[in-house]
Every structure is written in C-alpha cells, then in structure tokens.
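The structure file work_7.cif is reproduced below (mmCIF, C-alpha atoms).
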data_entry
loop_
_atom_site.group_PDB
_atom_site.id
_atom_site.type_symbol
_atom_site.label_atom_id
_atom_site.label_comp_id
_atom_site.auth_asym_id
_atom_site.auth_seq_id
_atom_site.Cartn_x
_atom_site.Cartn_y
_atom_site.Cartn_z
ATOM 1 C CA MET A 1 125.646 -44.637 65.191
ATOM 2 C CA SER A 2 126.337 -48.194 64.191
ATOM 3 C CA LEU A 3 130.113 -47.710 64.102
ATOM 4 C CA ALA A 4 130.046 -47.599 67.886
ATOM 5 C CA SER A 5 128.664 -51.134 67.965
ATOM 6 C CA VAL A 6 131.754 -52.357 66.100
ATOM 7 C CA PHE A 7 133.604 -51.649 69.348
ATOM 8 C CA ASN A 8 131.137 -53.785 71.276
ATOM 9 C CA ILE A 9 131.339 -56.602 68.722
ATOM 10 C CA ALA A 10 135.144 -56.571 68.714
ATOM 11 C CA GLY A 11 135.046 -56.455 72.512
ATOM 12 C CA THR A 12 132.875 -59.572 72.735
ATOM 13 C CA GLY A 13 135.172 -61.278 70.216
ATOM 14 C CA MET A 14 138.275 -60.439 72.259
ATOM 15 C CA SER A 15 136.615 -61.575 75.456
ATOM 16 C CA ALA A 16 135.578 -64.897 73.882
ATOM 17 C CA GLN A 17 139.058 -65.480 72.467
ATOM 18 C CA SER A 18 140.688 -64.742 75.819
ATOM 19 C CA THR A 19 138.370 -67.282 77.463
ATOM 20 C CA ARG A 20 139.537 -69.732 74.832
ATOM 21 C CA LEU A 21 143.187 -68.849 75.568
ATOM 22 C CA ASN A 22 142.492 -69.369 79.270
ATOM 23 C CA THR A 23 141.136 -72.875 78.752
ATOM 24 C CA ILE A 24 144.085 -73.716 76.463
ATOM 25 C CA ALA A 25 146.510 -72.520 79.149
ATOM 26 C CA SER A 26 144.703 -74.630 81.713
ATOM 27 C CA ASN A 27 144.815 -77.683 79.408
ATOM 28 C CA ILE A 28 148.530 -77.347 78.645
ATOM 29 C CA ALA A 29 149.404 -76.688 82.285
ATOM 30 C CA ASN A 30 147.529 -79.831 83.295
ATOM 31 C CA ALA A 31 148.744 -82.010 80.426
ATOM 32 C CA GLU A 32 150.839 -84.147 82.776
ATOM 33 C CA THR A 33 148.599 -84.029 85.836
ATOM 34 C CA VAL A 34 148.240 -87.691 86.749
ATOM 35 C CA SER A 35 145.728 -89.279 89.065
ATOM 36 C CA SER A 36 145.069 -92.738 90.436
ATOM 37 C CA SER A 37 141.410 -92.948 89.375
ATOM 38 C CA ILE A 38 139.520 -92.201 86.168
ATOM 39 C CA ASP A 39 136.984 -89.959 87.932
ATOM 40 C CA GLN A 40 139.565 -87.589 89.384
ATOM 41 C CA THR A 41 141.719 -87.180 86.301
ATOM 42 C CA TYR A 42 141.766 -83.816 84.581
ATOM 43 C CA ARG A 43 139.909 -83.701 81.247
ATOM 44 C CA ALA A 44 140.629 -81.234 78.452
ATOM 45 C CA ARG A 45 138.251 -78.265 78.519
ATOM 46 C CA HIS A 46 136.881 -76.447 75.473
ATOM 47 C CA PRO A 47 134.729 -73.289 75.291
ATOM 48 C CA VAL A 48 131.512 -73.297 73.221
ATOM 49 C CA PHE A 49 130.948 -70.148 71.158
ATOM 50 C CA ALA A 50 127.550 -68.845 70.022
ATOM 51 C CA THR A 51 126.341 -65.762 68.175
ATOM 52 C CA MET A 52 124.684 -63.033 70.254
ATOM 53 C CA PHE A 53 121.526 -61.454 68.878
ATOM 54 C CA GLN A 54 119.875 -58.216 69.837
ATOM 55 C CA SER A 55 117.277 -59.078 72.455
ATOM 56 C CA ALA A 56 113.648 -58.383 71.566
ATOM 57 C CA GLN A 57 113.048 -56.254 74.661
ATOM 58 C CA ASN A 58 115.498 -53.456 74.110
ATOM 59 C CA GLY A 59 115.861 -53.790 70.339
ATOM 60 C CA ASP A 60 113.858 -51.567 68.040
ATOM 61 C CA ARG A 61 112.803 -54.592 65.989
ATOM 62 C CA GLY A 62 110.656 -56.865 68.085
ATOM 63 C CA SER A 63 109.622 -59.210 65.296
ATOM 64 C CA LEU A 64 109.654 -62.986 65.463
ATOM 65 C CA PHE A 65 112.186 -63.038 62.663
ATOM 66 C CA ALA A 66 114.639 -60.830 64.536
ATOM 67 C CA ASP A 67 117.393 -63.415 64.201
ATOM 68 C CA GLN A 68 117.053 -63.289 60.427
ATOM 69 C CA ASP A 69 116.694 -59.516 60.295
ATOM 70 C CA ASN A 70 119.820 -58.419 62.074
ATOM 71 C CA ALA A 71 123.292 -59.735 61.715
ATOM 72 C CA GLY A 72 123.913 -60.285 65.418
ATOM 73 C CA VAL A 73 125.805 -58.182 67.906
ATOM 74 C CA GLY A 74 128.856 -60.275 68.661
ATOM 75 C CA VAL A 75 129.895 -63.609 70.090
ATOM 76 C CA GLN A 76 129.412 -65.126 73.515
ATOM 77 C CA VAL A 77 130.807 -68.111 75.391
ATOM 78 C CA LEU A 78 127.868 -70.379 76.225
ATOM 79 C CA GLY A 79 129.941 -72.536 78.529
ATOM 80 C CA VAL A 80 133.029 -74.675 78.909
ATOM 81 C CA VAL A 81 132.641 -78.380 78.220
ATOM 82 C CA GLU A 82 134.938 -81.242 79.213
ATOM 83 C CA ASP A 83 136.355 -83.488 76.526
ATOM 84 C CA GLN A 84 134.750 -86.940 76.845
ATOM 85 C CA SER A 85 137.368 -88.853 74.887
ATOM 86 C CA SER A 86 139.145 -91.634 76.730
ATOM 87 C CA LEU A 87 141.978 -90.995 79.188
ATOM 88 C CA MET A 88 145.381 -92.576 78.872
ATOM 89 C CA PRO A 89 146.180 -95.241 81.477
ATOM 90 C CA ARG A 90 149.892 -95.997 81.826
ATOM 91 C CA TYR A 91 151.548 -98.808 83.709
ATOM 92 C CA GLU A 92 153.875 -97.032 86.169
ATOM 93 C CA PRO A 93 154.008 -99.140 89.365
ATOM 94 C CA ASN A 94 156.731 -96.954 90.912
ATOM 95 C CA HIS A 95 154.638 -93.796 90.601
ATOM 96 C CA PRO A 96 153.403 -92.543 93.999
ATOM 97 C CA ALA A 97 149.899 -92.057 92.558
ATOM 98 C CA ALA A 98 149.655 -95.538 91.055
ATOM 99 C CA ASP A 99 146.493 -97.530 91.851
ATOM 100 C CA ALA A 100 146.373 -101.136 93.088
ATOM 101 C CA GLY A 101 147.046 -102.475 89.601
ATOM 102 C CA GLY A 102 150.071 -100.192 89.115
ATOM 103 C CA TYR A 103 148.327 -97.838 86.684
ATOM 104 C CA VAL A 104 148.237 -94.025 86.660
ATOM 105 C CA TYR A 105 145.820 -92.053 84.458
ATOM 106 C CA TYR A 106 146.995 -89.207 82.237
ATOM 107 C CA PRO A 107 144.583 -86.492 80.972
ATOM 108 C CA ASN A 108 143.212 -86.607 77.424
ATOM 109 C CA VAL A 109 145.001 -83.352 76.503
ATOM 110 C CA ASN A 110 146.548 -83.331 73.040
ATOM 111 C CA VAL A 111 149.350 -80.783 73.457
ATOM 112 C CA VAL A 112 149.960 -80.362 69.707
ATOM 113 C CA GLU A 113 146.259 -79.706 69.132
ATOM 114 C CA GLU A 114 146.243 -77.202 71.990
ATOM 115 C CA MET A 115 149.245 -75.330 70.563
ATOM 116 C CA ALA A 116 147.557 -75.042 67.145
ATOM 117 C CA ASP A 117 144.384 -73.888 68.883
ATOM 118 C CA MET A 118 146.403 -71.314 70.830
ATOM 119 C CA ILE A 119 147.861 -69.804 67.650
ATOM 120 C CA SER A 120 144.393 -69.699 66.094
ATOM 121 C CA ALA A 121 142.975 -67.948 69.182
ATOM 122 C CA SER A 122 145.829 -65.448 69.295
ATOM 123 C CA ARG A 123 145.372 -64.587 65.588
ATOM 124 C CA ALA A 124 141.633 -64.194 66.050
ATOM 125 C CA PHE A 125 142.273 -61.863 68.987
ATOM 126 C CA GLN A 126 144.688 -59.863 66.840
ATOM 127 C CA THR A 127 142.103 -59.577 64.046
ATOM 128 C CA ASN A 128 139.559 -58.246 66.533
ATOM 129 C CA THR A 129 141.947 -55.566 67.799
ATOM 130 C CA GLU A 130 142.777 -54.510 64.223
ATOM 131 C CA MET A 131 139.064 -54.285 63.486
ATOM 132 C CA MET A 132 138.602 -52.035 66.499
ATOM 133 C CA ASN A 133 141.520 -49.866 65.361
ATOM 134 C CA THR A 134 140.036 -49.441 61.889
ATOM 135 C CA ALA A 135 136.646 -48.501 63.354
ATOM 136 C CA LYS A 136 138.392 -45.964 65.598
ATOM 137 C CA GLN A 137 140.119 -44.387 62.595
ATOM 138 C CA MET A 138 136.802 -44.216 60.742
ATOM 139 C CA MET A 139 135.156 -42.458 63.688
ATOM 140 C CA GLN A 140 138.038 -40.022 64.135
ATOM 141 C CA ARG A 141 137.779 -39.169 60.465
ATOM 142 C CA VAL A 142 134.102 -38.362 60.859
ATOM 143 C CA LEU A 143 134.951 -36.026 63.731
ATOM 144 C CA THR A 144 137.017 -33.892 61.339
ATOM 145 C CA LEU A 145 133.959 -33.292 59.096
ATOM 146 C CA GLY A 146 133.799 -29.715 57.898
ATOM 147 C CA GLN A 147 137.294 -28.754 59.040
ATOM 148 C CA MET B 1 116.414 -18.559 49.207
ATOM 149 C CA SER B 2 117.405 -21.149 51.751
ATOM 150 C CA ILE B 3 120.005 -23.848 51.714
ATOM 151 C CA SER B 4 118.569 -27.372 51.648
ATOM 152 C CA PHE B 5 121.078 -29.679 53.285
ATOM 153 C CA ASP B 6 119.384 -32.737 51.840
ATOM 154 C CA ARG B 7 119.788 -31.424 48.322
ATOM 155 C CA ALA B 8 123.272 -30.071 48.896
ATOM 156 C CA LEU B 9 124.738 -33.208 50.425
ATOM 157 C CA GLY B 10 123.187 -35.667 47.991
ATOM 158 C CA ILE B 11 123.595 -39.409 48.434
ATOM 159 C CA HIS B 12 126.877 -39.235 50.331
ATOM 160 C CA GLU B 13 125.243 -38.906 53.722
ATOM 161 C CA GLN B 14 123.269 -42.141 53.211
ATOM 162 C CA ALA B 15 126.322 -43.805 51.681
ATOM 163 C CA LEU B 16 128.318 -43.008 54.818
ATOM 164 C CA GLY B 17 125.552 -44.514 56.936
ATOM 165 C CA PHE B 18 125.509 -47.621 54.768
ATOM 166 C CA ARG B 19 129.280 -48.047 55.116
ATOM 167 C CA ALA B 20 129.036 -47.762 58.903
ATOM 168 C CA GLN B 21 126.261 -50.361 58.930
ATOM 169 C CA ARG B 22 128.221 -52.705 56.692
ATOM 170 C CA ALA B 23 131.247 -52.343 58.988
ATOM 171 C CA GLU B 24 129.050 -53.614 61.820
ATOM 172 C CA VAL B 25 127.882 -56.653 59.830
ATOM 173 C CA LEU B 26 131.430 -57.549 58.752
ATOM 174 C CA ALA B 27 132.729 -57.002 62.292
ATOM 175 C CA ASN B 28 130.145 -59.488 63.502
ATOM 176 C CA ASN B 29 131.336 -62.010 60.900
ATOM 177 C CA ILE B 30 134.942 -61.655 62.058
ATOM 178 C CA ALA B 31 133.972 -61.921 65.730
ATOM 179 C CA ASN B 32 132.079 -65.142 64.941
ATOM 180 C CA ALA B 33 134.874 -66.690 62.881
ATOM 181 C CA ASP B 34 135.106 -69.615 65.348
ATOM 182 C CA THR B 35 131.416 -70.027 66.192
ATOM 183 C CA PRO B 36 129.976 -73.383 65.047
ATOM 184 C CA HIS B 37 126.964 -73.188 62.675
ATOM 185 C CA TYR B 38 127.390 -69.435 62.170
ATOM 186 C CA LYS B 39 126.509 -68.209 58.669
ATOM 187 C CA ALA B 40 128.375 -65.181 57.353
ATOM 188 C CA ARG B 41 126.204 -62.182 56.333
ATOM 189 C CA ASP B 42 126.810 -59.162 54.148
ATOM 190 C CA LEU B 43 124.979 -56.040 53.017
ATOM 191 C CA GLN B 44 124.779 -55.481 49.291
ATOM 192 C CA PHE B 45 125.030 -51.928 48.073
ATOM 193 C CA ALA B 46 122.941 -52.521 44.926
ATOM 194 C CA THR B 47 120.033 -54.019 46.888
ATOM 195 C CA VAL B 48 120.097 -51.228 49.478
ATOM 196 C CA LEU B 49 120.141 -48.621 46.714
ATOM 197 C CA ALA B 50 117.225 -50.265 44.881
ATOM 198 C CA GLU B 51 115.284 -50.512 48.149
ATOM 199 C CA GLN B 52 115.880 -46.854 48.988
ATOM 200 C CA SER B 53 114.907 -45.586 45.552
ATOM 201 C CA ALA B 54 111.789 -47.784 45.519
ATOM 202 C CA LYS B 55 110.856 -46.413 48.933
ATOM 203 C CA SER B 56 111.277 -42.812 47.808
ATOM 204 C CA GLN B 57 109.189 -43.459 44.685
ATOM 205 C CA ARG B 58 106.119 -45.066 46.189
ATOM 206 C CA GLY B 59 106.469 -44.311 49.869
ATOM 207 C CA GLN B 60 106.272 -46.989 52.535
ATOM 208 C CA VAL B 61 104.200 -50.118 52.183
ATOM 209 C CA SER B 62 100.710 -49.275 53.440
ATOM 210 C CA LEU B 63 97.093 -50.378 53.159
ATOM 211 C CA ASN B 64 94.754 -48.830 50.597
ATOM 212 C CA ARG B 65 92.017 -46.594 52.038
ATOM 213 C CA THR B 66 88.811 -46.767 50.022
ATOM 214 C CA ASP B 67 86.683 -45.118 52.706
ATOM 215 C CA SER B 68 87.305 -42.010 54.754
ATOM 216 C CA GLN B 69 86.603 -43.906 57.974
ATOM 217 C CA HIS B 70 89.342 -46.469 57.364
ATOM 218 C CA ILE B 71 92.229 -46.362 59.776
ATOM 219 C CA PRO B 72 95.553 -45.730 58.055
ATOM 220 C CA ALA B 73 98.002 -48.565 58.657
ATOM 221 C CA ASP B 74 101.624 -48.644 57.688
ATOM 222 C CA GLY B 75 102.870 -52.022 56.629
ATOM 223 C CA VAL B 76 105.513 -53.810 58.616
ATOM 224 C CA MET B 77 108.563 -54.857 56.685
ATOM 225 C CA VAL B 78 109.396 -58.468 57.519
ATOM 226 C CA GLY B 79 113.018 -59.301 56.918
ATOM 227 C CA ASP B 80 115.738 -57.173 55.413
ATOM 228 C CA ALA B 81 116.245 -58.143 51.781
ATOM 229 C CA SER B 82 119.624 -56.473 51.564
ATOM 230 C CA LEU B 83 121.112 -58.526 54.402
ATOM 231 C CA ALA B 84 122.115 -61.653 52.511
ATOM 232 C CA TYR B 85 124.007 -64.802 53.426
ATOM 233 C CA ARG B 86 127.421 -65.310 51.931
ATOM 234 C CA THR B 87 128.032 -68.287 49.612
ATOM 235 C CA PRO B 88 130.951 -70.279 51.032
ATOM 236 C CA PHE B 89 133.825 -71.268 48.762
ATOM 237 C CA HIS B 90 134.543 -74.493 50.603
ATOM 238 C CA PRO B 91 132.739 -76.585 53.202
ATOM 239 C CA SER B 92 133.830 -76.574 56.820
ATOM 240 C CA ILE B 93 133.407 -79.295 59.398
ATOM 241 C CA ASP B 94 131.569 -77.082 61.928
ATOM 242 C CA GLN B 95 129.145 -75.574 59.327
ATOM 243 C CA ASN B 96 130.686 -72.130 59.751
ATOM 244 C CA THR B 97 130.780 -70.108 56.516
ATOM 245 C CA VAL B 98 133.148 -67.333 57.629
ATOM 246 C CA ASP B 99 136.277 -67.076 55.509
ATOM 247 C CA LEU B 100 138.489 -64.797 57.598
ATOM 248 C CA GLN B 101 140.588 -63.578 54.668
ATOM 249 C CA ILE B 102 137.524 -62.598 52.654
ATOM 250 C CA GLU B 103 135.941 -60.861 55.628
ATOM 251 C CA GLN B 104 139.143 -58.962 56.375
ATOM 252 C CA SER B 105 139.541 -57.800 52.777
ATOM 253 C CA ASN B 106 135.879 -56.762 52.663
ATOM 254 C CA TYR B 107 136.302 -54.872 55.925
ATOM 255 C CA ALA B 108 139.367 -53.056 54.588
ATOM 256 C CA GLU B 109 137.579 -52.300 51.299
ATOM 257 C CA ASN B 110 134.579 -51.000 53.220
ATOM 258 C CA SER B 111 136.832 -48.775 55.300
ATOM 259 C CA VAL B 112 138.387 -47.237 52.170
ATOM 260 C CA GLN B 113 134.944 -46.707 50.642
ATOM 261 C CA PHE B 114 133.868 -45.084 53.903
ATOM 262 C CA GLN B 115 136.805 -42.706 53.541
ATOM 263 C CA ALA B 116 135.784 -41.972 49.944
ATOM 264 C CA SER B 117 132.196 -41.189 50.978
ATOM 265 C CA PHE B 118 133.534 -39.045 53.784
ATOM 266 C CA THR B 119 135.797 -37.116 51.412
ATOM 267 C CA PHE B 120 132.862 -36.420 49.085
ATOM 268 C CA LEU B 121 130.695 -35.295 51.996
ATOM 269 C CA ASN B 122 133.481 -33.119 53.365
ATOM 270 C CA SER B 123 133.991 -31.443 50.000
ATOM 271 C CA LYS B 124 130.264 -30.692 49.866
ATOM 272 C CA PHE B 125 130.545 -28.930 53.223
ATOM 273 C CA LYS B 126 133.642 -27.085 52.078
ATOM 274 C CA GLY B 127 131.734 -25.942 48.996
ATOM 275 C CA LEU B 128 128.895 -24.663 51.184
ATOM 276 C CA VAL B 129 131.318 -22.823 53.483
ATOM 277 C CA SER B 130 133.127 -21.145 50.600
ATOM 278 C CA ALA B 131 129.749 -20.182 49.097
ATOM 279 C CA LEU B 132 128.764 -18.561 52.409
ATOM 280 C CA ARG B 133 132.055 -16.721 52.768
ATOM 281 C CA GLY B 134 132.051 -15.592 49.173
ATOM 282 C CA ASP B 135 135.766 -14.971 48.943
#

Can you present the structure in this file as structure tokens?
Amino acid sequence: MSLASVFNIAGTGMSAQSTRLNTIASNIANAETVSSSIDQTYRARHPVFATMFQSAQNGDRGSLFADQDNAGVGVQVLGVVEDQSSLMPRYEPNHPAADAGGYVYYPNVNVVEEMADMISASRAFQTNTEMMNTAKQMMQRVLTLGQ
Amino acid sequence: MSISFDRALGIHEQALGFRAQRAEVLANNIANADTPHYKARDLQFATVLAEQSAKSQRGQVSLNRTDSQHIPADGVMVGDASLAYRTPFHPSIDQNTVDLQIEQSNYAENSVQFQASFTFLNSKFKGLVSALRGD
C-alpha cells in the first residue's frame, strides 16, 4: 500500500531537516570561534539535499526512464559542504590567539542568515510531522472499513 | 446468484488507491521542499481516469499476431502520462518548483477526498451486509 511509503518519505524529510538543524547549531555555536591562521578557522557548514529515487534493483520498474516514471521516495543528504566565502580578519593585538601581525580570524558565519535558516528548517520539520499524522489518520480510517 | 465485489464496489476502490498514490507524490514534494533543482510532481485524476477507461476498452498495448506461430508480446509502457510536472507560479533561485502552501493545501484536499472515497466504499459494504442479513 502506497500510504505506508508516506511514512518513509516523511521520515527521510525529518531526518534531512534535523541534519540541517545540526549544522545550523554547529555554525551558531562556532560563530565566535577565532583562530590565528586562515587554514584553522571554522567555516560555515551547509548540507546538500537531493531527491531519492527508487533503485532499479529492488523496484518493480527497471526502465531507463525510472527517474521520470516515479515521483521519488524522499530526500537525502548528499553531504555537508564548507562555505568558501572569505573569513573576517580583525585587528586585535591583545587577543591571545593573535598572529604576528596582530590579526585574529573570525569564521564566515552569518548569524542572522543561520537564524532564518533555523526557522525554515524547523517549519519544514513540522510540516513533515503533520504529513505523517494525516497519513496515519487515513490509514486508521481504512482499518475501520466495514464496521 | 453470486455477489461480484468488483461490480458491487464500483470505482471507489480504485479511487481510494489513486488517493493513496497521490498522497505519496505530494508527500515527496513536501519532503523535497528545500532540495535544489527539484521539480514538483502531481497526479491528475482526469488523466488517470482516461488511462484506466482506455485500458479497459482495448486491453493492454500489445503486438498484432497475424500468424499462429507468432509469440504474443505485451507492450511496455514507457513513462507515466498521468504523473505531470507542476507549473510554478514564480521563479526560485535554486530552480526548485515546490510551493509549500500549494502542496500542503493539495495534501489536505487529497486527504478529504480520500475520506469521501472511503465513506462511499464503506457504505457499499454496509449495503452488502444489510442485504445479507435481510433485516
């Protein structure tokens, strides 16, 4: 029954959104983590989402056009990439981590952007749970058939 | 005289199946609301209905057999015509065409229509039961 796969899809969605929340938490926690060299400074991390498709081996449709045929079976996190935008050097000669020139390097985390991203992730998570709830109600209704 | 379930239940059984399938497609759209380059999909009831009635009229796509020694071969359907891509209302920077509000309202609508199909199907069963009891 295809209603059961709604649970799987919502599950993958919730898992992906919680990965996203995890990276946001890591970014915000490290927003002020300074370092004395560019290489060692923390960089903002972002997850990369991709659609999951039914694999040709265990799916009943093994055609070459399988990606066009079915609508996909959820979302997956392909990986976490580091933001390559430039870091912020600040002149703080009294800082214990300052380099020879008196500079410390701050991460390229935009806290406002991360907060907006966090709200978006939390809402998306909420939508996935609601979707699961609705599917559960639909299934429970079917169980009362003929009563 | 025997009871034919197919005839007694009518289209509601297939309609219920269609609603469940559509719930899956819409759920996938919502799960991929933040996936770059994802294109929202939807099942259209009218296309599915036309496809089903065409299938019941002329059977499945198959090769003509002009000789008795020909091997019968059923055609393979490539692509699902009823599974269409949604037309986006506005462009997005990551090429994603999911509009969460539209998907949510469609999902809710689909759920209500599922309940309607279920109610029809249930009343068919109730009719059968009361016919069997005869009281």

- Interatomic distance, atom CA of B:Ser82 to atom CA of A:Leu145 (Å, one decimal):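 That distance, rounded to one decimal, is 28.3 Å.
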
- Given all atoms listed in the file as the counted atoms, nearest of B:Asn64, B:Ser130, B:Thr97, B:Ser123 to chain A: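 Among the listed residues, the smallest separation from chain A belongs to B:Ser123.
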
- Please report as a ChimeraX atom specification which residues of chain A come no farther than 9 Å from chain B, using only C-alpha atoms. /A:1-7,9-14,16,48-51,63,65-66,68-76,121,124-125,127-128,131-132,134-135,138,141-142,144-147

So that I have them on file, write out the residues from the current selection with C-alpha atoms, as a short mmCIF file (atom, residue, chain, number, x, y, z; two decimals), keeping the file's coordinate frame.
data_model
loop_
_atom_site.label_atom_id
_atom_site.label_comp_id
_atom_site.auth_asym_id
_atom_site.auth_seq_id
_atom_site.Cartn_x
_atom_site.Cartn_y
_atom_site.Cartn_z
CA MET A 1 125.65 -44.64 65.19
CA SER A 2 126.34 -48.19 64.19
CA LEU A 3 130.11 -47.71 64.10
CA ALA A 4 130.05 -47.60 67.89
CA SER A 5 128.66 -51.13 67.96
CA VAL A 6 131.75 -52.36 66.10
CA PHE A 7 133.60 -51.65 69.35
CA ILE A 9 131.34 -56.60 68.72
CA ALA A 10 135.14 -56.57 68.71
CA GLY A 11 135.05 -56.46 72.51
CA THR A 12 132.88 -59.57 72.74
CA GLY A 13 135.17 -61.28 70.22
CA MET A 14 138.28 -60.44 72.26
CA ALA A 16 135.58 -64.90 73.88
CA VAL A 48 131.51 -73.30 73.22
CA PHE A 49 130.95 -70.15 71.16
CA ALA A 50 127.55 -68.84 70.02
CA THR A 51 126.34 -65.76 68.18
CA SER A 63 109.62 -59.21 65.30
CA PHE A 65 112.19 -63.04 62.66
CA ALA A 66 114.64 -60.83 64.54
CA GLN A 68 117.05 -63.29 60.43
CA ASP A 69 116.69 -59.52 60.30
CA ASN A 70 119.82 -58.42 62.07
CA ALA A 71 123.29 -59.74 61.72
CA GLY A 72 123.91 -60.28 65.42
CA VAL A 73 125.80 -58.18 67.91
CA GLY A 74 128.86 -60.28 68.66
CA VAL A 75 129.90 -63.61 70.09
CA GLN A 76 129.41 -65.13 73.52
CA ALA A 121 142.98 -67.95 69.18
CA ALA A 124 141.63 -64.19 66.05
CA PHE A 125 142.27 -61.86 68.99
CA THR A 127 142.10 -59.58 64.05
CA ASN A 128 139.56 -58.25 66.53
CA MET A 131 139.06 -54.28 63.49
CA MET A 132 138.60 -52.04 66.50
CA THR A 134 140.04 -49.44 61.89
CA ALA A 135 136.65 -48.50 63.35
CA MET A 138 136.80 -44.22 60.74
CA ARG A 141 137.78 -39.17 60.46
CA VAL A 142 134.10 -38.36 60.86
CA THR A 144 137.02 -33.89 61.34
CA LEU A 145 133.96 -33.29 59.10
CA GLY A 146 133.80 -29.72 57.90
CA GLN A 147 137.29 -28.75 59.04
#

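Interatomic distance, atom CA of A:Pro107 to atom CA of A:Leu87: 5.5 Å.
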
- Query: Could you name the residues that touch A:Ile28 at 10 Å or less, counting all atoms listed in the file, but leaving out those on the same chain fewer than 6 positions away, as a VMD selection string?
  - Reply: chain A and resid 44 109 to 112 114 to 115

- Item | d(atom CA of A:Glu113, atom CA of A:Asp99) in Å | 28.9 Å

Since the input lacks atoms, please generate N, CA, C and O atoms for stretch 36-54 of chain B and provide them as a PDB file, keeping the file's coordinate frame.
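Full text of part.pdb as output:
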ATOM      1  N   PRO B  36     130.568 -72.320  65.869  1.00  0.00           N
ATOM      2  CA  PRO B  36     129.976 -73.383  65.047  1.00  0.00           C
ATOM      3  C   PRO B  36     128.590 -72.981  64.531  1.00  0.00           C
ATOM      4  O   PRO B  36     127.851 -72.287  65.230  1.00  0.00           O
ATOM      5  N   HIS B  37     128.269 -73.404  63.325  1.00  0.00           N
ATOM      6  CA  HIS B  37     126.964 -73.188  62.675  1.00  0.00           C
ATOM      7  C   HIS B  37     126.680 -71.727  62.344  1.00  0.00           C
ATOM      8  O   HIS B  37     125.558 -71.390  61.988  1.00  0.00           O
ATOM      9  N   TYR B  38     127.653 -70.840  62.507  1.00  0.00           N
ATOM     10  CA  TYR B  38     127.390 -69.435  62.170  1.00  0.00           C
ATOM     11  C   TYR B  38     127.470 -69.251  60.660  1.00  0.00           C
ATOM     12  O   TYR B  38     128.362 -69.788  60.003  1.00  0.00           O
ATOM     13  N   LYS B  39     126.513 -68.483  60.111  1.00  0.00           N
ATOM     14  CA  LYS B  39     126.509 -68.209  58.669  1.00  0.00           C
ATOM     15  C   LYS B  39     126.884 -66.743  58.435  1.00  0.00           C
ATOM     16  O   LYS B  39     126.255 -65.843  59.003  1.00  0.00           O
ATOM     17  N   ALA B  40     127.896 -66.531  57.610  1.00  0.00           N
ATOM     18  CA  ALA B  40     128.375 -65.181  57.353  1.00  0.00           C
ATOM     19  C   ALA B  40     127.325 -64.369  56.613  1.00  0.00           C
ATOM     20  O   ALA B  40     126.632 -64.878  55.742  1.00  0.00           O
ATOM     21  N   ARG B  41     127.184 -63.067  56.970  1.00  0.00           N
ATOM     22  CA  ARG B  41     126.204 -62.182  56.333  1.00  0.00           C
ATOM     23  C   ARG B  41     126.945 -61.035  55.660  1.00  0.00           C
ATOM     24  O   ARG B  41     128.090 -60.745  55.972  1.00  0.00           O
ATOM     25  N   ASP B  42     126.249 -60.367  54.753  1.00  0.00           N
ATOM     26  CA  ASP B  42     126.810 -59.162  54.148  1.00  0.00           C
ATOM     27  C   ASP B  42     125.679 -58.286  53.630  1.00  0.00           C
ATOM     28  O   ASP B  42     124.612 -58.793  53.286  1.00  0.00           O
ATOM     29  N   LEU B  43     125.935 -56.982  53.600  1.00  0.00           N
ATOM     30  CA  LEU B  43     124.979 -56.040  53.017  1.00  0.00           C
ATOM     31  C   LEU B  43     125.408 -55.762  51.590  1.00  0.00           C
ATOM     32  O   LEU B  43     126.594 -55.549  51.323  1.00  0.00           O
ATOM     33  N   GLN B  44     124.436 -55.749  50.683  1.00  0.00           N
ATOM     34  CA  GLN B  44     124.779 -55.481  49.291  1.00  0.00           C
ATOM     35  C   GLN B  44     124.339 -54.082  48.924  1.00  0.00           C
ATOM     36  O   GLN B  44     123.186 -53.700  49.127  1.00  0.00           O
ATOM     37  N   PHE B  45     125.297 -53.323  48.387  1.00  0.00           N
ATOM     38  CA  PHE B  45     125.030 -51.928  48.073  1.00  0.00           C
ATOM     39  C   PHE B  45     123.904 -51.794  47.050  1.00  0.00           C
ATOM     40  O   PHE B  45     123.007 -50.963  47.215  1.00  0.00           O
ATOM     41  N   ALA B  46     123.933 -52.636  46.004  1.00  0.00           N
ATOM     42  CA  ALA B  46     122.941 -52.521  44.926  1.00  0.00           C
ATOM     43  C   ALA B  46     121.521 -52.733  45.459  1.00  0.00           C
ATOM     44  O   ALA B  46     120.590 -51.999  45.096  1.00  0.00           O
ATOM     45  N   THR B  47     121.368 -53.733  46.351  1.00  0.00           N
ATOM     46  CA  THR B  47     120.033 -54.019  46.888  1.00  0.00           C
ATOM     47  C   THR B  47     119.542 -52.874  47.769  1.00  0.00           C
ATOM     48  O   THR B  47     118.375 -52.492  47.711  1.00  0.00           O
ATOM     49  N   VAL B  48     120.478 -52.335  48.601  1.00  0.00           N
ATOM     50  CA  VAL B  48     120.097 -51.228  49.478  1.00  0.00           C
ATOM     51  C   VAL B  48     119.678 -50.020  48.645  1.00  0.00           C
ATOM     52  O   VAL B  48     118.667 -49.369  48.920  1.00  0.00           O
ATOM     53  N   LEU B  49     120.444 -49.769  47.580  1.00  0.00           N
ATOM     54  CA  LEU B  49     120.141 -48.621  46.714  1.00  0.00           C
ATOM     55  C   LEU B  49     118.779 -48.786  46.063  1.00  0.00           C
ATOM     56  O   LEU B  49     117.957 -47.856  46.045  1.00  0.00           O
ATOM     57  N   ALA B  50     118.510 -50.000  45.535  1.00  0.00           N
ATOM     58  CA  ALA B  50     117.225 -50.265  44.881  1.00  0.00           C
ATOM     59  C   ALA B  50     116.080 -50.101  45.867  1.00  0.00           C
ATOM     60  O   ALA B  50     115.035 -49.522  45.547  1.00  0.00           O
ATOM     61  N   GLU B  51     116.302 -50.594  47.110  1.00  0.00           N
ATOM     62  CA  GLU B  51     115.284 -50.512  48.149  1.00  0.00           C
ATOM     63  C   GLU B  51     114.969 -49.052  48.483  1.00  0.00           C
ATOM     64  O   GLU B  51     113.807 -48.646  48.582  1.00  0.00           O
ATOM     65  N   GLN B  52     116.050 -48.258  48.621  1.00  0.00           N
ATOM     66  CA  GLN B  52     115.880 -46.854  48.988  1.00  0.00           C
ATOM     67  C   GLN B  52     115.151 -46.079  47.899  1.00  0.00           C
ATOM     68  O   GLN B  52     114.258 -45.273  48.175  1.00  0.00           O
ATOM     69  N   SER B  53     115.536 -46.348  46.633  1.00  0.00           N
ATOM     70  CA  SER B  53     114.907 -45.586  45.552  1.00  0.00           C
ATOM     71  C   SER B  53     113.457 -46.024  45.376  1.00  0.00           C
ATOM     72  O   SER B  53     112.588 -45.207  45.063  1.00  0.00           O
ATOM     73  N   ALA B  54     113.176 -47.313  45.603  1.00  0.00           N
ATOM     74  CA  ALA B  54     111.789 -47.784  45.519  1.00  0.00           C
ATOM     75  C   ALA B  54     110.959 -47.145  46.622  1.00  0.00           C
ATOM     76  O   ALA B  54     109.804 -46.768  46.410  1.00  0.00           O
TER      77      ALA B  54
END
